[in-house]
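Asks: Dropping in entry12.cif, with mmCIF, C-alpha atoms and all ligand atoms.
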```cif
data_model
loop_
_atom_site.label_atom_id
_atom_site.label_comp_id
_atom_site.auth_asym_id
_atom_site.auth_seq_id
_atom_site.Cartn_x
_atom_site.Cartn_y
_atom_site.Cartn_z
CA MET A 22 -193.09 37.04 -54.95
CA GLU A 23 -193.96 38.43 -58.40
CA LYS A 24 -195.16 36.25 -61.28
CA PRO A 25 -192.25 35.93 -63.73
CA VAL A 26 -192.82 37.35 -67.21
CA GLU A 27 -192.39 34.85 -70.02
CA PRO A 28 -189.46 35.90 -72.26
CA ALA A 29 -190.28 36.76 -75.87
CA LYS A 30 -188.82 34.60 -78.65
CA GLU A 31 -186.25 37.28 -79.50
CA ASP A 32 -185.04 37.37 -75.89
CA CYS A 33 -183.21 34.08 -76.52
CA CYS A 34 -179.81 34.46 -78.23
CA ASN A 35 -180.12 31.01 -79.88
CA SER A 36 -176.55 30.08 -78.93
CA GLY A 37 -177.52 27.00 -76.94
CA CYS A 38 -176.71 28.67 -73.59
CA ASN A 39 -176.94 26.54 -70.46
CA PRO A 40 -179.20 27.51 -68.78
CA CYS A 41 -181.27 29.21 -71.47
CA ILE A 42 -183.48 32.11 -70.33
CA PHE A 43 -186.50 29.88 -70.95
CA ASP A 44 -185.11 27.35 -68.41
CA ILE A 45 -184.74 30.19 -65.89
CA TYR A 46 -188.31 31.29 -66.58
CA GLU A 47 -189.66 27.73 -66.11
CA ARG A 48 -187.79 27.39 -62.79
CA GLN A 49 -189.13 30.74 -61.60
CA LEU A 50 -192.65 29.82 -62.65
CA THR A 51 -192.46 26.56 -60.66
CA LYS A 52 -191.28 28.51 -57.60
CA TYR A 53 -194.04 31.04 -58.11
CA LYS A 54 -196.71 28.29 -58.29
CA LYS A 55 -195.32 26.70 -55.11
CA HIS A 56 -195.44 30.08 -53.45
CA LEU A 57 -199.11 30.53 -54.43
CA GLU A 58 -200.02 27.06 -53.15
CA SER A 59 -198.21 27.31 -49.84
CA GLY A 60 -198.55 31.04 -49.27
CA GLN A 61 -195.02 30.96 -47.89
CA SER A 62 -192.14 33.06 -49.13
CA VAL A 63 -189.63 31.20 -51.25
CA ASN A 64 -185.89 31.37 -50.66
CA ASP A 65 -184.89 32.79 -54.00
CA ASN A 66 -181.23 33.13 -54.93
CA ILE A 67 -182.11 34.67 -58.29
CA LEU A 68 -183.79 37.64 -56.70
CA GLN A 69 -180.99 38.41 -54.27
CA LYS A 70 -180.04 42.04 -54.47
CA ASN A 71 -178.25 42.30 -57.78
CA GLY A 72 -178.16 45.41 -59.97
CA ILE A 73 -179.02 43.23 -62.99
CA SER A 74 -181.87 40.73 -63.23
CA GLN A 75 -182.21 37.35 -64.95
CA LEU A 76 -185.95 37.87 -65.26
CA LYS A 77 -186.28 41.27 -66.88
CA TYR A 78 -184.15 43.88 -68.65
CA THR A 79 -182.36 46.63 -66.73
CA ILE A 80 -181.28 49.91 -68.31
CA PHE A 81 -177.56 50.67 -68.31
CA ASN A 82 -175.99 53.76 -69.82
CA VAL A 83 -172.79 53.63 -71.82
CA VAL A 84 -170.11 55.43 -69.83
CA LYS A 85 -167.17 54.61 -72.09
CA ASN A 86 -166.73 53.03 -75.50
CA LEU A 87 -163.11 52.81 -76.59
CA PRO A 88 -161.21 50.70 -79.09
CA ALA A 89 -159.13 48.07 -77.27
CA CYS A 90 -157.36 47.47 -80.62
CA HIS A 91 -158.34 47.50 -84.30
CA LEU A 92 -160.48 44.36 -83.78
CA HIS A 93 -162.16 44.98 -80.43
CA ASN A 94 -163.89 47.68 -78.41
CA CYS A 95 -164.09 47.83 -74.64
CA ILE A 96 -167.46 49.23 -73.57
CA THR A 97 -168.38 50.13 -70.00
CA PHE A 98 -171.96 50.37 -68.70
CA LYS A 99 -173.54 51.85 -65.61
CA ASN A 100 -177.00 51.89 -64.12
CA VAL A 101 -177.50 55.59 -63.42
CA SER A 102 -180.83 55.31 -61.60
CA GLU A 103 -180.72 56.34 -57.96
CA GLY A 104 -180.13 53.63 -55.37
CA SER A 105 -179.35 50.91 -57.90
CA ASN A 106 -177.62 47.83 -56.51
CA LYS A 107 -174.13 46.65 -57.30
CA VAL A 108 -174.00 44.35 -60.31
CA TRP A 109 -172.52 40.91 -59.64
CA TRP A 110 -171.89 37.74 -61.56
CA LYS A 111 -169.93 34.51 -61.20
CA PRO A 112 -166.71 34.09 -63.14
CA GLY A 113 -167.63 32.57 -66.49
CA ASP A 114 -171.20 33.97 -66.56
CA HIS A 115 -172.61 35.96 -69.46
CA PHE A 116 -175.24 38.69 -69.83
CA LEU A 117 -177.78 39.09 -72.61
CA TYR A 118 -178.01 42.31 -74.61
CA LYS A 119 -181.31 43.30 -76.21
CA PHE A 120 -181.03 44.82 -79.67
CA ASN A 121 -184.10 46.57 -81.02
CA GLU A 122 -183.67 48.81 -84.03
CA ASP A 123 -185.18 49.23 -87.51
CA ASN A 124 -187.88 46.68 -86.68
CA ILE A 125 -185.28 44.05 -85.84
CA ALA A 126 -185.36 42.69 -82.30
CA CYS A 127 -182.85 40.09 -81.15
CA THR A 128 -180.54 39.20 -78.29
CA ARG A 129 -176.82 38.43 -78.09
CA ALA A 130 -174.65 37.08 -75.28
CA TYR A 131 -171.60 39.00 -73.97
CA THR A 132 -169.23 38.21 -71.13
CA PRO A 133 -168.99 40.85 -68.39
CA ILE A 134 -165.60 41.80 -67.00
CA GLU A 135 -164.76 44.16 -64.15
CA ALA A 136 -165.13 47.79 -65.27
CA LYS A 137 -161.47 48.60 -65.75
CA ASN A 138 -160.66 51.46 -63.42
CA GLU A 139 -162.15 53.47 -60.62
CA GLN A 140 -162.43 56.67 -62.69
CA THR A 141 -164.82 55.05 -65.15
CA GLU A 142 -167.24 54.14 -62.34
CA GLY A 143 -168.94 51.49 -64.40
CA ASP A 144 -170.93 48.49 -63.24
CA PHE A 145 -169.38 46.18 -65.83
CA SER A 146 -167.49 46.22 -69.12
CA ILE A 147 -167.51 43.97 -72.16
CA ILE A 148 -164.95 43.36 -74.87
CA VAL A 149 -166.70 43.22 -78.23
CA LYS A 150 -165.19 41.83 -81.37
CA LYS A 151 -166.09 43.87 -84.45
CA TYR A 152 -167.49 41.44 -87.00
CA GLU A 153 -167.73 42.69 -90.56
CA HIS A 154 -171.49 43.02 -91.18
CA GLY A 155 -172.13 41.84 -87.61
CA LEU A 156 -175.52 43.27 -86.69
CA VAL A 157 -175.21 43.69 -82.92
CA SER A 158 -171.41 43.89 -82.60
CA THR A 159 -171.30 46.81 -85.08
CA HIS A 160 -174.16 48.52 -83.26
CA LEU A 161 -172.42 48.11 -79.88
CA CYS A 162 -169.09 49.43 -81.18
CA ASN A 163 -170.91 52.53 -82.49
CA LEU A 164 -172.67 53.37 -79.21
CA ASN A 165 -171.89 56.76 -77.69
CA GLU A 166 -171.42 57.86 -74.10
CA GLY A 167 -174.84 58.34 -72.47
CA ASP A 168 -176.70 55.96 -74.82
CA THR A 169 -179.11 53.67 -73.00
CA THR A 170 -178.95 49.90 -73.37
CA LEU A 171 -180.93 46.91 -72.06
CA TRP A 172 -179.29 43.97 -70.30
CA ARG A 173 -180.38 40.89 -68.35
CA GLY A 174 -178.38 38.20 -66.55
CA PRO A 175 -176.22 36.77 -65.15
CA TYR A 176 -176.48 33.32 -66.75
CA GLY A 177 -173.97 30.53 -66.64
CA HIS A 178 -173.23 26.98 -65.64
CA TYR A 179 -169.63 27.19 -64.46
CA GLU A 180 -168.75 27.01 -60.76
CA HIS A 181 -165.16 27.24 -59.60
CA GLU A 182 -164.49 25.34 -56.41
CA PRO A 183 -161.07 26.13 -54.88
CA ASN A 184 -158.68 23.13 -54.89
CA LYS A 185 -161.20 20.77 -56.50
CA PHE A 186 -158.82 20.35 -59.44
CA ASN A 187 -155.06 20.22 -59.40
CA ARG A 188 -154.74 21.80 -62.87
CA ILE A 189 -157.15 23.94 -64.84
CA ILE A 190 -156.12 24.04 -68.49
CA MET A 191 -157.69 26.92 -70.40
CA ILE A 192 -157.81 27.13 -74.18
CA ALA A 193 -159.06 30.49 -75.44
CA GLN A 194 -159.53 32.12 -78.80
CA GLY A 195 -159.99 35.90 -79.23
CA THR A 196 -162.69 37.32 -76.94
CA GLY A 197 -162.91 33.81 -75.47
CA ILE A 198 -160.30 35.08 -73.01
CA SER A 199 -162.99 37.24 -71.27
CA PRO A 200 -164.57 34.54 -69.06
CA PHE A 201 -161.12 33.15 -68.27
CA ILE A 202 -159.62 36.44 -67.13
CA THR A 203 -162.27 36.62 -64.37
CA ILE A 204 -161.71 32.98 -63.37
CA ILE A 205 -157.91 33.47 -63.31
CA ASN A 206 -158.33 36.59 -61.20
CA LYS A 207 -160.51 34.74 -58.71
CA ILE A 208 -158.05 31.85 -58.32
CA LEU A 209 -154.92 33.98 -58.09
CA ASN A 210 -156.49 36.36 -55.60
CA ASN A 211 -157.34 33.52 -53.25
CA GLU A 212 -154.13 32.53 -51.50
CA ASP A 213 -155.79 29.35 -50.20
CA ASP A 214 -156.56 28.21 -53.73
CA MET A 215 -153.66 26.03 -54.95
CA THR A 216 -155.17 25.31 -58.38
CA LYS A 217 -152.53 25.51 -61.12
CA ILE A 218 -153.63 27.36 -64.24
CA ILE A 219 -152.21 26.71 -67.70
CA LEU A 220 -153.55 29.04 -70.39
CA PHE A 221 -153.24 28.62 -74.16
CA TYR A 222 -154.46 31.83 -75.77
CA CYS A 223 -154.91 32.14 -79.54
CA CYS A 224 -155.02 35.60 -81.10
CA LYS A 225 -155.27 36.82 -84.64
CA CYS A 226 -152.20 39.06 -84.53
CA ASP A 227 -149.81 40.81 -82.18
CA ASN A 228 -151.88 43.98 -81.92
CA SER A 229 -155.07 42.17 -80.99
CA ILE A 230 -153.87 40.50 -77.78
CA LEU A 231 -156.46 41.23 -75.11
CA PHE A 232 -155.45 41.60 -71.43
CA ARG A 233 -151.78 41.51 -72.43
CA ASP A 234 -150.64 43.56 -69.39
CA GLU A 235 -152.77 41.56 -66.96
CA LEU A 236 -151.51 38.22 -68.25
CA TYR A 237 -147.90 39.40 -68.09
CA ALA A 238 -148.44 40.52 -64.49
CA TYR A 239 -150.03 37.15 -63.55
CA LYS A 240 -146.84 35.45 -64.76
CA SER A 241 -145.26 36.24 -61.39
CA TYR A 242 -147.70 33.84 -59.63
CA TRP A 243 -146.26 30.37 -59.04
CA ASN A 244 -149.49 28.71 -60.14
CA PHE A 245 -150.03 30.54 -63.46
CA LYS A 246 -148.43 29.68 -66.79
CA TYR A 247 -149.49 30.93 -70.20
CA ASN A 248 -148.62 30.97 -73.86
CA ILE A 249 -150.01 33.24 -76.54
CA TYR A 250 -150.21 32.01 -80.14
CA LEU A 251 -150.58 34.37 -83.09
CA SER A 252 -152.06 33.41 -86.45
CA SER A 253 -150.16 36.31 -88.03
CA THR A 254 -147.93 39.23 -87.09
CA SER A 255 -149.13 42.50 -88.51
CA THR A 256 -146.62 44.99 -87.13
CA THR A 257 -143.04 44.89 -88.26
CA ASN A 258 -141.75 46.41 -85.02
CA PHE A 259 -143.50 43.96 -82.70
CA VAL A 260 -141.48 43.51 -79.52
CA CYS A 261 -142.04 41.00 -76.72
CA ARG A 262 -141.27 41.97 -73.16
CA TYR A 263 -138.76 40.09 -71.06
CA GLN A 264 -139.77 36.41 -71.16
CA GLU A 265 -143.20 37.23 -72.50
CA PRO A 266 -144.43 33.92 -73.93
CA ILE A 267 -145.75 35.04 -77.32
CA ASN A 268 -145.39 32.54 -80.14
CA LYS A 269 -145.51 33.85 -83.69
CA HIS A 270 -147.38 30.83 -84.98
CA LYS A 271 -150.71 29.07 -84.40
CA LEU A 272 -151.47 26.74 -81.53
CA MET A 273 -151.38 23.14 -82.63
CA ILE A 274 -153.00 20.20 -80.92
CA GLU A 275 -149.55 18.60 -80.50
CA TYR A 276 -148.61 21.34 -78.02
CA LEU A 277 -151.10 19.81 -75.61
CA TYR A 278 -149.18 16.52 -75.65
CA ASN A 279 -146.71 17.96 -73.12
CA LEU A 280 -149.53 18.03 -70.58
CA LYS A 281 -150.10 14.28 -70.80
CA PRO A 282 -151.13 12.23 -69.01
CA PHE A 283 -154.43 13.96 -68.32
CA VAL A 284 -155.84 12.77 -65.02
CA LYS A 285 -159.12 13.06 -63.12
CA SER A 286 -157.85 16.08 -61.22
CA ASP A 287 -157.50 18.08 -64.47
CA GLN A 288 -160.23 20.38 -65.68
CA ILE A 289 -160.20 21.77 -69.21
CA LEU A 290 -162.00 24.95 -70.16
CA ILE A 291 -162.41 25.90 -73.82
CA CYS A 292 -163.80 29.18 -75.15
CA GLY A 293 -163.70 30.28 -78.76
CA ALA A 294 -165.67 30.01 -81.98
CA PRO A 295 -167.77 26.82 -82.26
CA ILE A 296 -165.32 25.12 -84.70
CA PHE A 297 -162.37 25.91 -82.42
CA ASN A 298 -164.21 24.53 -79.37
CA GLU A 299 -165.25 21.35 -81.12
CA SER A 300 -161.82 20.58 -82.54
CA TYR A 301 -160.13 20.79 -79.11
CA LYS A 302 -162.95 18.94 -77.42
CA THR A 303 -162.78 16.12 -79.98
CA TYR A 304 -159.08 15.63 -79.33
CA LEU A 305 -159.32 15.93 -75.54
CA LYS A 306 -162.33 13.62 -75.25
CA SER A 307 -160.09 10.68 -76.12
CA GLU A 308 -157.39 11.76 -73.62
CA VAL A 309 -159.26 12.96 -70.56
CA PRO A 310 -160.54 10.31 -68.10
CA ASP A 311 -163.72 12.22 -67.26
CA ILE A 312 -165.60 13.95 -70.09
CA ASP A 313 -167.45 16.14 -67.56
CA ASN A 314 -164.10 17.77 -66.79
CA ILE A 315 -164.14 19.41 -70.23
CA VAL A 316 -166.22 22.58 -70.11
CA LEU A 317 -167.11 24.59 -73.21
CA PHE A 318 -168.13 28.24 -72.83
C1 LIG B 401 -172.04 32.69 -73.88
C2 LIG B 401 -171.53 33.65 -74.96
C3 LIG B 401 -170.69 34.70 -74.58
C4 LIG B 401 -170.21 35.60 -75.56
N1 LIG B 401 -169.38 36.61 -75.18
C5 LIG B 401 -168.91 37.48 -76.11
C6 LIG B 401 -168.03 38.56 -75.74
O1 LIG B 401 -167.69 38.75 -74.56
N2 LIG B 401 -167.58 39.37 -76.73
C7 LIG B 401 -167.93 39.19 -78.05
O2 LIG B 401 -167.48 39.98 -78.90
N3 LIG B 401 -168.78 38.20 -78.42
C8 LIG B 401 -169.28 37.36 -77.50
N4 LIG B 401 -170.15 36.36 -77.88
C9 LIG B 401 -170.61 36.34 -79.30
C10 LIG B 401 -171.79 37.35 -79.46
O3 LIG B 401 -172.91 36.90 -78.72
C11 LIG B 401 -172.25 37.55 -80.91
O4 LIG B 401 -172.45 36.30 -81.49
C12 LIG B 401 -171.28 38.36 -81.74
O5 LIG B 401 -171.08 39.65 -81.18
C13 LIG B 401 -171.74 38.50 -83.19
O6 LIG B 401 -173.01 39.06 -83.19
P1 LIG B 401 -173.47 39.99 -84.43
O7 LIG B 401 -174.93 40.26 -84.29
O8 LIG B 401 -172.57 41.16 -84.57
O9 LIG B 401 -173.17 39.03 -85.67
P2 LIG B 401 -174.25 38.44 -86.70
O10 LIG B 401 -174.93 39.56 -87.40
O11 LIG B 401 -175.08 37.42 -86.00
O12 LIG B 401 -173.26 37.70 -87.70
C14 LIG B 401 -172.43 38.47 -88.61
C15 LIG B 401 -171.26 37.66 -89.14
O13 LIG B 401 -170.34 37.32 -88.08
C16 LIG B 401 -170.15 35.92 -88.02
N5 LIG B 401 -170.14 35.53 -86.60
C17 LIG B 401 -171.07 35.86 -85.68
N6 LIG B 401 -170.74 35.35 -84.47
C18 LIG B 401 -169.58 34.70 -84.65
C19 LIG B 401 -168.72 33.98 -83.79
N7 LIG B 401 -168.99 33.84 -82.45
N8 LIG B 401 -167.59 33.45 -84.31
C20 LIG B 401 -167.29 33.59 -85.62
N9 LIG B 401 -168.06 34.28 -86.49
C21 LIG B 401 -169.18 34.81 -86.02
C22 LIG B 401 -171.31 35.30 -88.72
O14 LIG B 401 -170.98 34.08 -89.31
C23 LIG B 401 -171.66 36.36 -89.76
O15 LIG B 401 -170.87 36.20 -90.90
C24 LIG B 401 -170.60 35.44 -76.94
C25 LIG B 401 -171.45 34.39 -77.29
C26 LIG B 401 -171.91 33.50 -76.33
C27 LIG B 401 -172.82 32.39 -76.74
#
```
Please re-express this file's structure in structure tokens.
Ligand SMILES: Cc1cc2nc3c(=O)[nH]c(=O)nc-3n(C[C@H](O)[C@H](O)[C@H](O)COP(=O)(O)OP(=O)(O)OC[C@H]3O[C@@H](n4cnc5c(N)ncnc54)[C@H](O)[C@@H]3O)c2cc1C
Replies:
Amino acid sequence: MEKPVEPAKEDCCNSGCNPCIFDIYERQLTKYKKHLESGQSVNDNILQKNGISQLKYTIFNVVKNLPACHLHNCITFKNVSEGSNKVWWKPGDHFLYKFNEDNIACTRAYTPIEAKNEQTEGDFSIIVKKYEHGLVSTHLCNLNEGDTTLWRGPYGHYEHEPNKFNRIIMIAQGTGISPFITIINKILNNEDDMTKIILFYCCKCDNSILFRDELYAYKSYWNFKYNIYLSSTSTTNFVCRYQEPINKHKLMIEYLYNLKPFVKSDQILICGAPIFNESYKTYLKSEVPDIDNIVLF
């Protein structure tokens, strides 16, 4: 077992992640000390063969960087070194991206999704929102094919256990749909998992709906229901498909009233900007019997 390397200050994204990379380092260090004392090998889940590591950065090349819409890019990465392992992560996990340019070094979190199609041959993709003056998001959206990037992960605290909950209610805003799309996929692709999923998805406008085709296809599953809410409509010729549940207005807390009563077998997942997360959590805290059943991403 190798001694873990202490992360630098800039390796933390300062977003309050659970676990933070410093927690991971401390855990590894404890295991390493135990290993030195006992001389025995330690059963180490972290170091299982994964093409990305929680403990150090791995180089991935950009294999595709395309606009998903005017607000987002979809970027696909691949480890091109010979014999590299498959990259894996749990639904809901995130990776950390290391930015280091013009004497500025920092880290940002992004949520991996399956690299979209076979032809791309990527290890993972991310959907990046372009923030005006956003340091790392702008840099990522400007990356070219072949550029090298540094990533570490996976990190996360969410575990989906089939049939543990009767309903999983998801409330997403913008790129907050990324962790949920992987969780939805996992549940719907397991025919023994009877969990019902109810998704509320808030988007800025009709041409910024992420995973629109996937969500529409999931509609055919008996245990998946969704509604999309738009803050504005930007195209005059916007057309919904047959029974596509797109609402041309914002989501309001009152729309959650229909789900009452909330019971212990409900889990609520919320992923959006901090203000969005807090406002839904504040309301749900008073309604949900078990606060631990509300998970913020
Ligand atoms: C666990 C986790 C997973 C994430 N996954 C993704 C993902 O899959 N895709 C993605 O695009 N982003 C994701 N993010 C957000 C991402 O890490 C960055 O915060 C984001 O890309 C902005 O970084 P920046 O350097 O471009 O912006 P900065 O230079 O730090 O900020 C520029 C401007 O953007 C505003 N801003 C920055 N972040 C946000 C925000 N989250 N909400 C509202 N305004 C903001 C700031 O107020 C500022 O005005 C995730 C964050 C966390 C904690």
Asks: Identify, counting all atoms listed in the file, the protein, DNA and RNA residues located within 7 Å of ligand LIG 401 (chain B), and give them as number ranges by chain.
Replies: A: 36, 38, 115, 129-133, 147-159, 196-197, 199, 294-295, 318
Asks: I want to know what sits within 8 Å of region 260-267 of chain A, based on all atoms listed in the file, with residues of the same chain fewer than 5 positions away left out; could you give that as a list in words?
Replies: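 Here the answer would be Tyr237, Tyr247, Asn248, Ile249, Tyr250 and Leu251 of chain A.
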Asks: Grab the CA of Gly177 (chain A) to CA of Glu299 (chain A) distance for me, in Å with one decimal place.
Replies: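 Answer for the CA of Gly177 (chain A) to CA of Glu299 (chain A) separation: 19.2 Å.
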Asks: With distances taken over all atoms listed in the file, which of A:Ile96, A:Leu236, A:Asn35, A:Pro25 is nearest to Thr51 (chain A)?
Replies: A:Pro25
Asks: Once 4 Å is added on each side, what are the centre and the three edge lengths, in Å to one decimal, of the axis-aligned box enclosing the listed atoms of region 34-53 of chain A? Present them as lines of an AutoDock Vina configuration file.
Replies:
```
center_x = -185.3
center_y = 30.5
center_z = -68.7
size_x = 25.5
size_y = 15.9
size_z = 30.3
```
Asks: Just the number, please: distance in Å from CA of Leu317 (chain A) to CA of Pro175 (chain A), one decimal.
Replies: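 About the pair CA of Leu317 (chain A) and CA of Pro175 (chain A): they are 17.2 Å apart.
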Asks: Please provide the set of residues having any atom within 12 Å of Leu209 (chain A), restricted to only C-alpha atoms, with same-chain residues fewer than 4 positions apart removed, written as a list in words.
Replies: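 The neighbour list is Pro183, Asn184, Phe201, Ile202, Thr203, Ile204, Ile205, Asp213, Asp214, Met215, Thr216, Lys217, Ile218, Glu235, Leu236, Ala238, Tyr239, Lys240, Ser241, Tyr242, Trp243, Asn244, Phe245 and Lys246 of chain A.
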Asks: Identify, on the basis of all atoms listed in the file, every residue whose closest approach to Gly174 (chain A) does not exceed 9 Å; exclude the query and any residue fewer than 6 positions from it along the same chain; express the result as a PyMOL selection string.
Replies: chain A and resi 42+73-78+110+114-117
Asks: Of the candidates A:Ser146, A:Gln194, A:Ser105, A:Thr170, which one gets nearest to Asn121 (chain A) if we count all atoms listed in the file?
Replies: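 Among the listed residues, A:Thr170 lies closest to Asn121 (chain A).
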Asks: Near Asn165 (chain A), within 8 Å and counting all atoms listed in the file, which residues show up once chain neighbours fewer than 6 positions away are dropped, as an MDAnalysis selection string?
Replies: chainID A and resid 83 85:86
Asks: For the atom pair CA of Lys107 (chain A) and CA of Lys207 (chain A), what is the interatomic distance in Å to one decimal place?
Replies: 18.1 Å
